[in-house]
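Next up, query-v5.cif (mmCIF, C-alpha atoms):
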data_model
#
loop_
_atom_site.label_atom_id
_atom_site.label_comp_id
_atom_site.auth_asym_id
_atom_site.auth_seq_id
_atom_site.Cartn_x
_atom_site.Cartn_y
_atom_site.Cartn_z
CA PRO A 27 119.62 87.31 118.22
CA SER A 28 122.81 88.12 116.31
CA THR A 29 123.24 84.55 115.03
CA MET A 30 123.28 84.40 111.23
CA LEU A 31 120.70 82.53 109.15
CA LEU A 32 120.78 82.08 105.38
CA ASP A 33 117.89 83.76 103.61
CA THR A 34 118.59 82.03 100.29
CA PRO A 35 116.58 79.83 97.89
CA ILE A 36 115.98 76.28 99.10
CA CYS A 37 113.71 73.35 98.31
CA PHE A 38 112.78 70.48 100.62
CA SER A 39 112.01 67.01 99.25
CA VAL A 40 108.71 65.55 100.41
CA ALA A 41 107.90 61.89 99.72
CA SER A 42 105.24 61.43 97.00
CA GLN A 43 104.81 65.20 96.68
CA VAL A 44 106.32 68.05 94.74
CA ASP A 45 109.29 69.72 96.41
CA TYR A 46 108.44 72.39 98.98
CA CYS A 47 110.21 75.63 98.06
CA PRO A 48 109.27 78.42 100.51
CA LYS A 49 109.25 82.03 99.37
CA ASN A 50 109.47 85.29 101.24
CA TYR A 51 106.47 87.60 101.16
CA ASP A 52 108.21 90.00 98.76
CA ASN A 53 109.82 87.19 96.69
CA THR A 54 113.32 88.48 97.46
CA PHE A 55 116.33 86.93 99.21
CA ARG A 56 118.56 88.76 101.66
CA GLY A 57 121.42 86.30 102.06
CA LEU A 58 123.11 86.27 105.47
CA THR A 59 120.59 87.67 107.95
CA GLN A 60 120.80 87.88 111.72
CA ILE A 61 117.93 86.33 113.70
CA ARG A 62 116.84 89.72 115.06
CA PHE A 63 116.19 91.02 111.55
CA ALA A 64 114.85 87.74 110.18
CA LEU A 65 112.16 87.66 112.88
CA GLY A 66 111.55 91.41 112.88
CA ASN A 67 111.00 91.48 109.11
CA SER A 68 108.93 88.26 109.07
CA LEU A 69 111.23 86.43 106.67
CA ASN A 70 109.68 83.08 105.73
CA ILE A 71 112.71 81.16 104.47
CA PRO A 72 114.80 81.47 107.68
CA ALA A 73 111.72 80.43 109.69
CA VAL A 74 111.26 77.28 107.60
CA LYS A 75 114.97 76.45 107.85
CA VAL A 76 114.88 76.78 111.64
CA LEU A 77 111.83 74.50 111.80
CA SER A 78 113.64 71.96 109.64
CA LEU A 79 116.58 71.98 112.07
CA ASN A 80 114.31 71.80 115.13
CA THR A 81 112.18 68.94 113.70
CA MET A 82 108.41 68.88 113.52
CA GLY A 83 108.00 66.76 116.64
CA ASN A 84 109.97 69.16 118.83
CA PHE A 85 108.16 72.16 117.38
CA ILE A 86 104.66 70.79 117.95
CA SER A 87 105.56 69.62 121.45
CA PHE A 88 106.83 73.09 122.31
CA ALA A 89 103.80 74.78 120.70
CA ARG A 90 101.55 72.70 122.95
CA LYS A 91 103.60 73.81 125.94
CA MET A 92 103.03 77.43 124.87
CA GLY A 93 99.26 76.96 124.60
CA ILE A 94 98.42 75.70 121.07
CA THR A 95 95.78 72.97 121.43
CA THR A 96 94.89 72.21 117.80
CA TRP A 97 98.11 70.53 116.64
CA ASN A 98 98.20 66.90 117.69
CA ASP A 99 99.85 64.57 115.17
CA PRO A 100 103.24 65.77 113.82
CA THR A 101 102.87 63.44 110.80
CA GLN A 102 99.90 65.49 109.58
CA TYR A 103 101.96 68.64 109.03
CA GLY A 104 104.81 69.82 106.87
CA LEU A 105 107.35 72.62 107.11
CA SER A 106 104.71 75.13 106.04
CA LEU A 107 103.35 74.86 109.59
CA THR A 108 105.63 77.72 110.62
CA LEU A 109 103.99 79.90 107.93
CA GLY A 110 100.37 79.21 108.85
CA GLY A 111 99.98 75.66 107.56
CA GLY A 112 97.94 74.50 110.57
CA GLU A 113 94.64 75.67 112.05
CA VAL A 114 94.86 77.67 115.29
CA MET A 115 92.34 79.40 117.54
CA MET A 116 92.67 83.05 118.46
CA THR A 117 92.38 82.17 122.15
CA ASP A 118 95.33 79.78 121.81
CA MET A 119 97.40 82.43 120.03
CA ALA A 120 96.63 84.90 122.83
CA THR A 121 97.73 82.33 125.41
CA ALA A 122 100.95 81.57 123.50
CA PHE A 123 101.97 85.20 123.00
CA GLY A 124 100.97 85.80 126.61
CA VAL A 125 103.90 83.58 127.58
CA PHE A 126 106.24 86.27 126.24
CA ALA A 127 104.22 89.05 127.89
CA ASN A 128 104.24 87.20 131.22
CA SER A 129 108.01 86.65 131.31
CA GLY A 130 107.82 82.99 130.30
CA VAL A 131 104.75 81.94 132.32
CA LYS A 132 101.69 80.51 130.52
CA VAL A 133 98.65 82.10 132.15
CA PRO A 134 95.25 80.55 131.37
CA LEU A 135 92.58 82.82 129.88
CA HIS A 136 89.50 83.69 131.94
CA SER A 137 86.59 84.89 129.83
CA ILE A 138 84.16 85.45 132.73
CA LEU A 139 85.57 87.77 135.34
CA LYS A 140 82.44 88.47 137.42
CA VAL A 141 78.85 87.25 137.77
CA GLU A 142 76.25 89.46 139.51
CA ASP A 143 72.54 89.02 140.15
CA SER A 144 69.90 91.65 139.40
CA SER A 145 70.53 93.40 142.71
CA GLY A 146 74.24 93.72 142.08
CA LYS A 147 75.27 90.97 144.48
CA VAL A 148 78.48 89.33 143.31
CA LEU A 149 77.89 85.60 142.90
CA GLU A 150 81.29 84.75 141.55
CA GLU A 151 84.43 86.71 140.72
CA TYR A 152 87.84 85.80 139.38
CA LYS A 153 90.54 87.47 141.46
CA PRO A 154 94.11 86.60 140.53
CA GLU A 155 96.62 87.29 143.25
CA ASP A 156 97.86 90.86 142.94
CA GLY A 157 101.27 91.12 141.35
CA LYS A 158 101.49 87.41 140.59
CA ARG A 159 101.22 85.58 137.30
CA ASN A 160 99.99 82.15 138.23
CA GLY A 161 100.55 79.53 135.62
CA GLU A 162 102.94 77.03 134.11
CA LYS A 163 106.52 78.02 133.33
CA ALA A 164 106.96 77.54 129.57
CA LEU A 165 110.08 79.64 128.88
CA SER A 166 112.91 81.14 130.86
CA GLU A 167 112.41 84.80 131.72
CA ALA A 168 115.59 85.62 129.79
CA THR A 169 114.42 83.91 126.59
CA ALA A 170 111.02 85.61 126.81
CA PHE A 171 112.84 88.93 127.15
CA LEU A 172 114.90 88.34 124.00
CA ILE A 173 111.81 87.57 121.90
CA SER A 174 109.90 90.54 123.31
CA HIS A 175 112.87 92.82 122.72
CA ILE A 176 113.14 91.77 119.07
CA LEU A 177 109.39 92.21 118.53
CA SER A 178 109.48 95.71 120.08
CA ASP A 179 112.47 96.80 117.98
CA ASN A 180 111.22 99.13 115.24
CA ASN A 181 114.66 99.16 113.61
CA ALA A 182 114.65 95.36 113.35
CA ARG A 183 111.47 95.39 111.22
CA SER A 184 112.00 98.62 109.28
CA ALA A 185 113.35 96.91 106.13
CA ALA A 186 109.98 95.22 105.57
CA PHE A 187 107.53 97.57 107.28
CA GLY A 188 109.22 100.97 107.15
CA THR A 189 110.18 103.15 110.11
CA SER A 190 106.72 104.63 110.79
CA SER A 191 104.30 101.74 110.25
CA VAL A 192 101.08 101.10 112.19
CA LEU A 193 102.99 98.51 114.21
CA ASN A 194 104.25 101.44 116.29
CA VAL A 195 102.12 102.73 119.16
CA PRO A 196 103.25 106.33 119.77
CA GLY A 197 104.93 106.83 123.11
CA LYS A 198 104.62 103.18 124.13
CA THR A 199 106.95 100.17 124.15
CA VAL A 200 104.94 97.39 122.51
CA SER A 201 106.06 94.02 121.12
CA VAL A 202 104.14 92.97 118.00
CA LYS A 203 104.09 90.33 115.25
CA THR A 204 102.11 90.07 112.02
CA GLY A 205 101.22 86.99 110.01
CA THR A 206 99.54 86.26 106.67
CA THR A 207 98.67 82.74 105.50
CA ASN A 208 98.76 81.50 101.92
CA ASN A 209 96.28 82.99 99.45
CA LEU A 210 95.47 85.82 101.87
CA ARG A 211 92.93 83.75 103.81
CA ASP A 212 94.08 84.78 107.28
CA ASN A 213 95.68 87.98 108.44
CA TRP A 214 96.96 88.40 112.00
CA THR A 215 98.48 91.02 114.24
CA ILE A 216 99.23 90.17 117.85
CA GLY A 217 101.00 92.54 120.22
CA TYR A 218 101.47 93.09 123.90
CA THR A 219 102.93 94.97 126.83
CA SER A 220 103.53 93.51 130.30
CA ASN A 221 99.88 94.15 131.24
CA LEU A 222 97.89 94.06 127.98
CA LEU A 223 97.70 91.74 124.97
CA VAL A 224 95.62 92.31 121.83
CA ALA A 225 95.13 89.65 119.13
CA THR A 226 93.49 90.76 115.88
CA TRP A 227 92.38 88.55 112.99
CA VAL A 228 91.03 89.60 109.61
CA GLY A 229 89.53 87.17 107.11
CA ASN A 230 86.36 85.89 105.47
CA ASN A 231 84.06 83.60 107.45
CA ASP A 232 83.79 81.18 104.51
CA ASN A 233 87.62 80.86 104.36
CA SER A 234 87.76 82.43 100.90
CA PRO A 235 90.81 84.56 100.00
CA MET A 236 90.57 88.27 100.75
CA SER A 237 90.49 90.71 97.86
CA TYR A 238 91.77 93.91 99.42
CA VAL A 239 94.21 92.84 102.12
CA ALA A 240 97.83 92.60 101.04
CA SER A 241 99.64 92.11 104.33
CA GLY A 242 99.49 92.44 108.09
CA VAL A 243 100.11 96.15 107.75
CA THR A 244 97.03 96.76 105.60
CA GLY A 245 94.75 94.16 107.20
CA ALA A 246 94.78 93.44 110.92
CA SER A 247 97.43 95.94 112.01
CA PRO A 248 95.43 99.19 111.68
CA ILE A 249 92.64 97.65 113.79
CA TRP A 250 95.17 96.32 116.30
CA GLN A 251 96.88 99.70 116.62
CA LYS A 252 93.59 101.54 117.26
CA ILE A 253 92.69 99.11 120.03
CA MET A 254 96.15 99.35 121.57
CA ARG A 255 96.25 103.15 121.44
CA TYR A 256 92.86 103.37 123.11
CA ALA A 257 93.58 100.74 125.77
CA LEU A 258 96.97 102.26 126.63
CA ARG A 259 95.89 105.90 126.45
CA ASP A 260 96.21 106.41 130.23
CA VAL A 261 98.74 103.65 130.89
CA LYS A 262 102.44 104.29 131.29
CA THR A 263 104.36 101.48 129.60
CA PRO A 264 107.95 101.26 130.79
CA GLY A 265 110.63 99.88 128.54
CA LEU A 266 111.43 96.20 128.75
CA GLU A 267 113.25 95.40 131.98
CA LYS A 268 116.38 93.31 131.46
CA PRO A 269 116.18 90.20 133.69
CA GLU A 270 118.98 88.24 135.28
CA GLY A 271 120.73 85.98 132.80
CA ILE A 272 120.93 88.61 130.05
CA GLU A 273 124.13 90.37 129.00
CA GLY A 274 124.70 93.10 126.45
CA ALA A 275 127.59 93.47 124.04
CA SER A 276 128.59 95.35 120.91
CA VAL A 277 128.61 93.18 117.79
CA CYS A 278 129.55 93.81 114.17
CA SER A 279 126.48 95.17 112.39
CA ASN A 280 127.15 93.15 109.24
CA SER A 281 128.10 89.79 110.77
CA GLY A 282 126.75 89.68 114.32
CA VAL A 283 130.10 88.53 115.74
CA LEU A 284 132.22 90.31 118.32
CA PRO A 285 134.57 92.92 116.83
CA SER A 286 138.29 92.43 117.16
CA ALA A 287 141.46 94.38 116.51
CA ASP A 288 142.09 92.30 113.40
CA THR A 289 138.58 92.78 111.98
CA PRO A 290 137.32 96.30 112.76
CA CYS A 291 133.66 96.92 111.89
CA GLU A 292 130.67 99.14 112.48
CA THR A 293 128.91 97.91 115.59
CA ARG A 294 125.47 97.76 117.16
CA TYR A 295 124.39 96.73 120.66
CA GLU A 296 122.83 93.30 121.19
CA TYR A 297 121.55 91.18 124.08
CA PHE A 298 122.54 87.57 124.79
CA LEU A 299 121.71 84.78 127.20
#
Take the structure from the file and write it as structure tokens.
Amino acid sequence: PSTMLLDTPICFSVASQVDYCPKNYDNTFRGLTQIRFALGNSLNIPAVKVLSLNTMGNFISFARKMGITTWNDPTQYGLSLTLGGGEVMMTDMATAFGVFANSGVKVPLHSILKVEDSSGKVLEEYKPEDGKRNGEKALSEATAFLISHILSDNNARSAAFGTSSVLNVPGKTVSVKTGTTNNLRDNWTIGYTSNLLVATWVGNNDNSPMSYVASGVTGASPIWQKIMRYALRDVKTPGLEKPEGIEGASVCSNSGVLPSADTPCETRYEYFL
């Protein structure tokens, strides 16, 4: 999470098309930015650069592993896919973010939990094994922890969202991410604890741009926060538990590297695989 990315202007050449030049939501550039703050503040340019390095094929293959079912042919998509350039279903997004909530395990959704007849006799009931998350391992527990820790870090997102945004659920440790597609057609907020996940979408049914929604904070997030606050009102949410395979260290706040006697610096604490 302390690795540096360049949040600087860039254009990608696309055959037979105009160059693709991604922009950040606020049309600014932040230069050298550590991954924790790039992800926390939803910076578009670092996300596109990482996708370019990863390659489209690897990205789509991994998205499928996480639960996205609507992306099939990598040749049909460009680098804007990381910024909402491909159709997704809310159920798939819940499954994918559930991988982080479930410590790296992809747990299938079950929409029908119980069926009863008119007399109250239970005909069928879904009963997962207590204390177990049965599913396919999609990520290491340590990697899932790092992502969840970044998404729960209010300081990491404060530059873009402020220190007291609706992404905070008072008294609870909650990991959360917003997303807004081009032309304000789709607005998302998805957040979770270890035992609850809420996915919220705002948009027009005819796919027309929205008139009064500017960002995740003014669109889906207020709805998401109200649901989360209500659902967690009697639930104690512990802080994220550091799994095996994670180490902590002090790093230079401005560069993300380890401090040394030759290069003293202000430090902050960071987690690493």
Exercise. Run through the PyMOL selection byres ((chain A and resi 201) around 9) on the given coordinates and return the selected residues as a ChimeraX atom specification.
Key: /A:127,173-179,193,199-200,202-203,216-219
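When all atoms listed in the file are used to measure the gap to Ser28 (chain A), the shortest distance among A:Asn209, A:Thr59, A:Asn230, A:Asn80 belongs to A:Thr59.
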Considering only C-alpha atoms, can you say which of A:Val283, A:Leu79, A:Val125, A:Ala186 comes closest to Thr169 (chain A)?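 For Thr169 (chain A), the nearest of the given residues is A:Val125.
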Take the point (120.2, 82.0, 129.6) in the file's coordinates, draw a sphere of radius 9 Å around it, and report as a list of chain:residue names every protein, DNA or RNA residue with an atom inside or on it, counting all atoms listed in the file.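 Those residues lying close to the given coordinates are A:Ser166, A:Glu167, A:Ala168, A:Thr169, A:Glu270, A:Gly271, A:Ile272, A:Phe298, A:Leu299.
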Evaluate the PyMOL selection byres ((chain A and resi 240-255) around 9) here and jot the selected residues down as number ranges by chain.
A: 51, 187, 191-196, 198, 203-206, 210, 213-218, 222-229, 236-239, 256-259
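Atom to atom, CA of Ser87 (chain A) and CA of Leu32 (chain A) stand 25.4 Å apart.
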Here CA of Phe63 (chain A) and CA of Ser184 (chain A) stand apart by 9.0 Å
- Task: Find, counting all atoms listed in the file, the residue in A:Pro285, A:Leu266, A:Asn233, A:Asn50 that gets nearest to Glu113 (chain A).
- Result: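 Closest to Glu113 (chain A) of all the choices is A:Asn233.
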If we count only C-alpha atoms and set the cut-off at 12 Å, which residues sit around Arg56 (chain A), ignoring sequence neighbours fewer than 2 positions away in its own chain? Please answer as a short mmCIF file (atom, residue, chain, number, x, y, z; two decimals) with C-alpha atoms, keeping the file's coordinate frame.
data_model
loop_
_atom_site.label_atom_id
_atom_site.label_comp_id
_atom_site.auth_asym_id
_atom_site.auth_seq_id
_atom_site.Cartn_x
_atom_site.Cartn_y
_atom_site.Cartn_z
CA MET A 30 123.28 84.40 111.23
CA LEU A 31 120.70 82.53 109.15
CA LEU A 32 120.78 82.08 105.38
CA ASP A 33 117.89 83.76 103.61
CA THR A 34 118.59 82.03 100.29
CA PRO A 35 116.58 79.83 97.89
CA LYS A 49 109.25 82.03 99.37
CA ASN A 50 109.47 85.29 101.24
CA ASP A 52 108.21 90.00 98.76
CA ASN A 53 109.82 87.19 96.69
CA THR A 54 113.32 88.48 97.46
CA LEU A 58 123.11 86.27 105.47
CA THR A 59 120.59 87.67 107.95
CA GLN A 60 120.80 87.88 111.72
CA PHE A 63 116.19 91.02 111.55
CA ALA A 64 114.85 87.74 110.18
CA ASN A 67 111.00 91.48 109.11
CA LEU A 69 111.23 86.43 106.67
CA ASN A 70 109.68 83.08 105.73
CA ILE A 71 112.71 81.16 104.47
CA PRO A 72 114.80 81.47 107.68
CA ALA A 185 113.35 96.91 106.13
CA ALA A 186 109.98 95.22 105.57
#
Could you spell out the hits of the PyMOL selection byres ((chain A and resi 140) around 8) on the shown file, as a list in words? Ile138, Leu139, Val141, Glu142, Val148, Leu149, Glu150, Glu151 and Tyr152 of chain A
Put those residues in a file: C-alpha atoms, as a CSV table (one decimal), in the frame of the given file.
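Dumped everything to selection_27.csv:
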chain,number,residue,atom,x,y,z
A,138,ILE,CA,84.2,85.4,132.7
A,139,LEU,CA,85.6,87.8,135.3
A,141,VAL,CA,78.8,87.2,137.8
A,142,GLU,CA,76.2,89.5,139.5
A,148,VAL,CA,78.5,89.3,143.3
A,149,LEU,CA,77.9,85.6,142.9
A,150,GLU,CA,81.3,84.8,141.6
A,151,GLU,CA,84.4,86.7,140.7
A,152,TYR,CA,87.8,85.8,139.4
Next on the checklist: Just to confirm, what's the straight-line distance from CA of Gly197 (chain A) to CA of Phe126 (chain A) in Å (one decimal)?
Outcome noted: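 According to the coordinates, CA of Gly197 (chain A) and CA of Phe126 (chain A) are separated by 20.8 Å.
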With all atoms listed in the file as the atoms that count, which of A:Gly274, A:Pro290, A:Pro100, A:Gly130 lies nearest to Phe171 (chain A)?
->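 Ranking A:Gly274, A:Pro290, A:Pro100, A:Gly130 by distance to Phe171 (chain A), first place goes to A:Gly130.
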Where is the centre and how long are the edges: axis-aligned box on region 262-272 of chain A, 8 Å on each side, Å to one decimal, as lines of an AutoDock Vina configuration file:
center_x = 111.7
center_y = 95.1
center_z = 131.9
size_x = 34.5
size_y = 34.3
size_z = 22.7
Please write a file for region 77-90 of chain A, taken from the block I just shared, that holds all heavy atoms and is laid out as a PDB file, in the first residue's frame.
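Okay, result-v2.pdb is ready:
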ATOM      1  N   LEU A  77      -4.079  -0.967 -14.545  1.00  0.00           N
ATOM      2  CA  LEU A  77      -4.721  -1.885 -15.487  1.00  0.00           C
ATOM      3  C   LEU A  77      -3.855  -2.081 -16.726  1.00  0.00           C
ATOM      4  O   LEU A  77      -3.719  -3.199 -17.232  1.00  0.00           O
ATOM      5  CB  LEU A  77      -6.103  -1.368 -15.885  1.00  0.00           C
ATOM      6  CG  LEU A  77      -6.831  -2.177 -16.963  1.00  0.00           C
ATOM      7  CD1 LEU A  77      -6.937  -3.644 -16.586  1.00  0.00           C
ATOM      8  CD2 LEU A  77      -8.213  -1.594 -17.235  1.00  0.00           C
ATOM      9  N   SER A  78      -3.252  -1.018 -17.213  1.00  0.00           N
ATOM     10  CA  SER A  78      -2.381  -1.112 -18.380  1.00  0.00           C
ATOM     11  C   SER A  78      -1.204  -2.044 -18.108  1.00  0.00           C
ATOM     12  O   SER A  78      -0.811  -2.844 -18.962  1.00  0.00           O
ATOM     13  CB  SER A  78      -1.876   0.273 -18.781  1.00  0.00           C
ATOM     14  OG  SER A  78      -0.982   0.210 -19.859  1.00  0.00           O
ATOM     15  N   LEU A  79      -0.642  -1.971 -16.911  1.00  0.00           N
ATOM     16  CA  LEU A  79       0.479  -2.841 -16.542  1.00  0.00           C
ATOM     17  C   LEU A  79       0.023  -4.289 -16.366  1.00  0.00           C
ATOM     18  O   LEU A  79       0.740  -5.229 -16.706  1.00  0.00           O
ATOM     19  CB  LEU A  79       1.118  -2.339 -15.250  1.00  0.00           C
ATOM     20  CG  LEU A  79       1.866  -1.001 -15.319  1.00  0.00           C
ATOM     21  CD1 LEU A  79       2.231  -0.529 -13.922  1.00  0.00           C
ATOM     22  CD2 LEU A  79       3.110  -1.132 -16.171  1.00  0.00           C
ATOM     23  N   ASN A  80      -1.175  -4.466 -15.816  1.00  0.00           N
ATOM     24  CA  ASN A  80      -1.694  -5.809 -15.542  1.00  0.00           C
ATOM     25  C   ASN A  80      -2.118  -6.548 -16.792  1.00  0.00           C
ATOM     26  O   ASN A  80      -2.109  -7.780 -16.815  1.00  0.00           O
ATOM     27  CB  ASN A  80      -2.899  -5.715 -14.601  1.00  0.00           C
ATOM     28  CG  ASN A  80      -2.529  -6.063 -13.171  1.00  0.00           C
ATOM     29  OD1 ASN A  80      -1.492  -6.635 -12.916  1.00  0.00           O
ATOM     30  ND2 ASN A  80      -3.410  -5.716 -12.254  1.00  0.00           N
ATOM     31  N   THR A  81      -2.546  -5.822 -17.801  1.00  0.00           N
ATOM     32  CA  THR A  81      -3.128  -6.281 -19.073  1.00  0.00           C
ATOM     33  C   THR A  81      -4.601  -6.631 -18.899  1.00  0.00           C
ATOM     34  O   THR A  81      -5.029  -7.104 -17.848  1.00  0.00           O
ATOM     35  CB  THR A  81      -2.398  -7.491 -19.719  1.00  0.00           C
ATOM     36  OG1 THR A  81      -2.727  -8.686 -19.024  1.00  0.00           O
ATOM     37  CG2 THR A  81      -0.902  -7.269 -19.758  1.00  0.00           C
ATOM     38  N   MET A  82      -5.358  -6.392 -19.969  1.00  0.00           N
ATOM     39  CA  MET A  82      -6.794  -6.597 -19.938  1.00  0.00           C
ATOM     40  C   MET A  82      -7.156  -8.057 -19.696  1.00  0.00           C
ATOM     41  O   MET A  82      -8.093  -8.375 -18.961  1.00  0.00           O
ATOM     42  CB  MET A  82      -7.401  -6.115 -21.261  1.00  0.00           C
ATOM     43  CG  MET A  82      -8.910  -6.002 -21.232  1.00  0.00           C
ATOM     44  SD  MET A  82      -9.481  -4.711 -20.121  1.00  0.00           S
ATOM     45  CE  MET A  82      -8.811  -3.271 -20.959  1.00  0.00           C
ATOM     46  N   GLY A  83      -6.414  -8.970 -20.328  1.00  0.00           N
ATOM     47  CA  GLY A  83      -6.713 -10.382 -20.167  1.00  0.00           C
ATOM     48  C   GLY A  83      -6.607 -10.843 -18.727  1.00  0.00           C
ATOM     49  O   GLY A  83      -7.492 -11.543 -18.208  1.00  0.00           O
ATOM     50  N   ASN A  84      -5.516 -10.436 -18.054  1.00  0.00           N
ATOM     51  CA  ASN A  84      -5.336 -10.813 -16.649  1.00  0.00           C
ATOM     52  C   ASN A  84      -6.414 -10.204 -15.766  1.00  0.00           C
ATOM     53  O   ASN A  84      -6.918 -10.833 -14.832  1.00  0.00           O
ATOM     54  CB  ASN A  84      -3.953 -10.367 -16.157  1.00  0.00           C
ATOM     55  CG  ASN A  84      -2.844 -11.239 -16.696  1.00  0.00           C
ATOM     56  OD1 ASN A  84      -3.062 -12.387 -17.035  1.00  0.00           O
ATOM     57  ND2 ASN A  84      -1.647 -10.674 -16.784  1.00  0.00           N
ATOM     58  N   PHE A  85      -6.770  -8.962 -16.062  1.00  0.00           N
ATOM     59  CA  PHE A  85      -7.766  -8.263 -15.256  1.00  0.00           C
ATOM     60  C   PHE A  85      -9.128  -8.944 -15.358  1.00  0.00           C
ATOM     61  O   PHE A  85      -9.795  -9.198 -14.349  1.00  0.00           O
ATOM     62  CB  PHE A  85      -7.857  -6.797 -15.705  1.00  0.00           C
ATOM     63  CG  PHE A  85      -8.895  -5.993 -14.974  1.00  0.00           C
ATOM     64  CD1 PHE A  85      -8.870  -5.864 -13.601  1.00  0.00           C
ATOM     65  CD2 PHE A  85      -9.911  -5.351 -15.676  1.00  0.00           C
ATOM     66  CE1 PHE A  85      -9.833  -5.116 -12.927  1.00  0.00           C
ATOM     67  CE2 PHE A  85     -10.862  -4.605 -15.013  1.00  0.00           C
ATOM     68  CZ  PHE A  85     -10.826  -4.486 -13.637  1.00  0.00           C
ATOM     69  N   ILE A  86      -9.560  -9.238 -16.583  1.00  0.00           N
ATOM     70  CA  ILE A  86     -10.879  -9.852 -16.771  1.00  0.00           C
ATOM     71  C   ILE A  86     -10.897 -11.261 -16.183  1.00  0.00           C
ATOM     72  O   ILE A  86     -11.884 -11.677 -15.554  1.00  0.00           O
ATOM     73  CB  ILE A  86     -11.257  -9.858 -18.263  1.00  0.00           C
ATOM     74  CG1 ILE A  86     -11.577  -8.425 -18.705  1.00  0.00           C
ATOM     75  CG2 ILE A  86     -12.430 -10.788 -18.539  1.00  0.00           C
ATOM     76  CD1 ILE A  86     -11.989  -8.288 -20.148  1.00  0.00           C
ATOM     77  N   SER A  87      -9.815 -11.992 -16.339  1.00  0.00           N
ATOM     78  CA  SER A  87      -9.738 -13.332 -15.755  1.00  0.00           C
ATOM     79  C   SER A  87      -9.875 -13.266 -14.242  1.00  0.00           C
ATOM     80  O   SER A  87     -10.597 -14.072 -13.633  1.00  0.00           O
ATOM     81  CB  SER A  87      -8.405 -13.986 -16.139  1.00  0.00           C
ATOM     82  OG  SER A  87      -8.257 -15.237 -15.511  1.00  0.00           O
ATOM     83  N   PHE A  88      -9.211 -12.292 -13.630  1.00  0.00           N
ATOM     84  CA  PHE A  88      -9.280 -12.161 -12.175  1.00  0.00           C
ATOM     85  C   PHE A  88     -10.653 -11.661 -11.731  1.00  0.00           C
ATOM     86  O   PHE A  88     -11.177 -12.086 -10.691  1.00  0.00           O
ATOM     87  CB  PHE A  88      -8.186 -11.218 -11.686  1.00  0.00           C
ATOM     88  CG  PHE A  88      -8.037 -11.214 -10.191  1.00  0.00           C
ATOM     89  CD1 PHE A  88      -7.488 -12.308  -9.541  1.00  0.00           C
ATOM     90  CD2 PHE A  88      -8.454 -10.139  -9.441  1.00  0.00           C
ATOM     91  CE1 PHE A  88      -7.361 -12.323  -8.160  1.00  0.00           C
ATOM     92  CE2 PHE A  88      -8.330 -10.144  -8.065  1.00  0.00           C
ATOM     93  CZ  PHE A  88      -7.777 -11.242  -7.421  1.00  0.00           C
ATOM     94  N   ALA A  89     -11.262 -10.763 -12.518  1.00  0.00           N
ATOM     95  CA  ALA A  89     -12.607 -10.279 -12.185  1.00  0.00           C
ATOM     96  C   ALA A  89     -13.602 -11.432 -12.182  1.00  0.00           C
ATOM     97  O   ALA A  89     -14.498 -11.499 -11.334  1.00  0.00           O
ATOM     98  CB  ALA A  89     -13.040  -9.202 -13.177  1.00  0.00           C
ATOM     99  N   ARG A  90     -13.470 -12.341 -13.147  1.00  0.00           N
ATOM    100  CA  ARG A  90     -14.340 -13.520 -13.184  1.00  0.00           C
ATOM    101  C   ARG A  90     -14.142 -14.361 -11.911  1.00  0.00           C
ATOM    102  O   ARG A  90     -15.102 -14.870 -11.327  1.00  0.00           O
ATOM    103  CB  ARG A  90     -14.022 -14.374 -14.409  1.00  0.00           C
ATOM    104  CG  ARG A  90     -14.487 -13.786 -15.726  1.00  0.00           C
ATOM    105  CD  ARG A  90     -14.491 -14.887 -16.784  1.00  0.00           C
ATOM    106  NE  ARG A  90     -14.460 -14.321 -18.131  1.00  0.00           N
ATOM    107  CZ  ARG A  90     -13.475 -14.492 -18.990  1.00  0.00           C
ATOM    108  NH1 ARG A  90     -12.413 -15.196 -18.645  1.00  0.00           N
ATOM    109  NH2 ARG A  90     -13.534 -13.962 -20.189  1.00  0.00           N
TER     110      ARG A  90
END
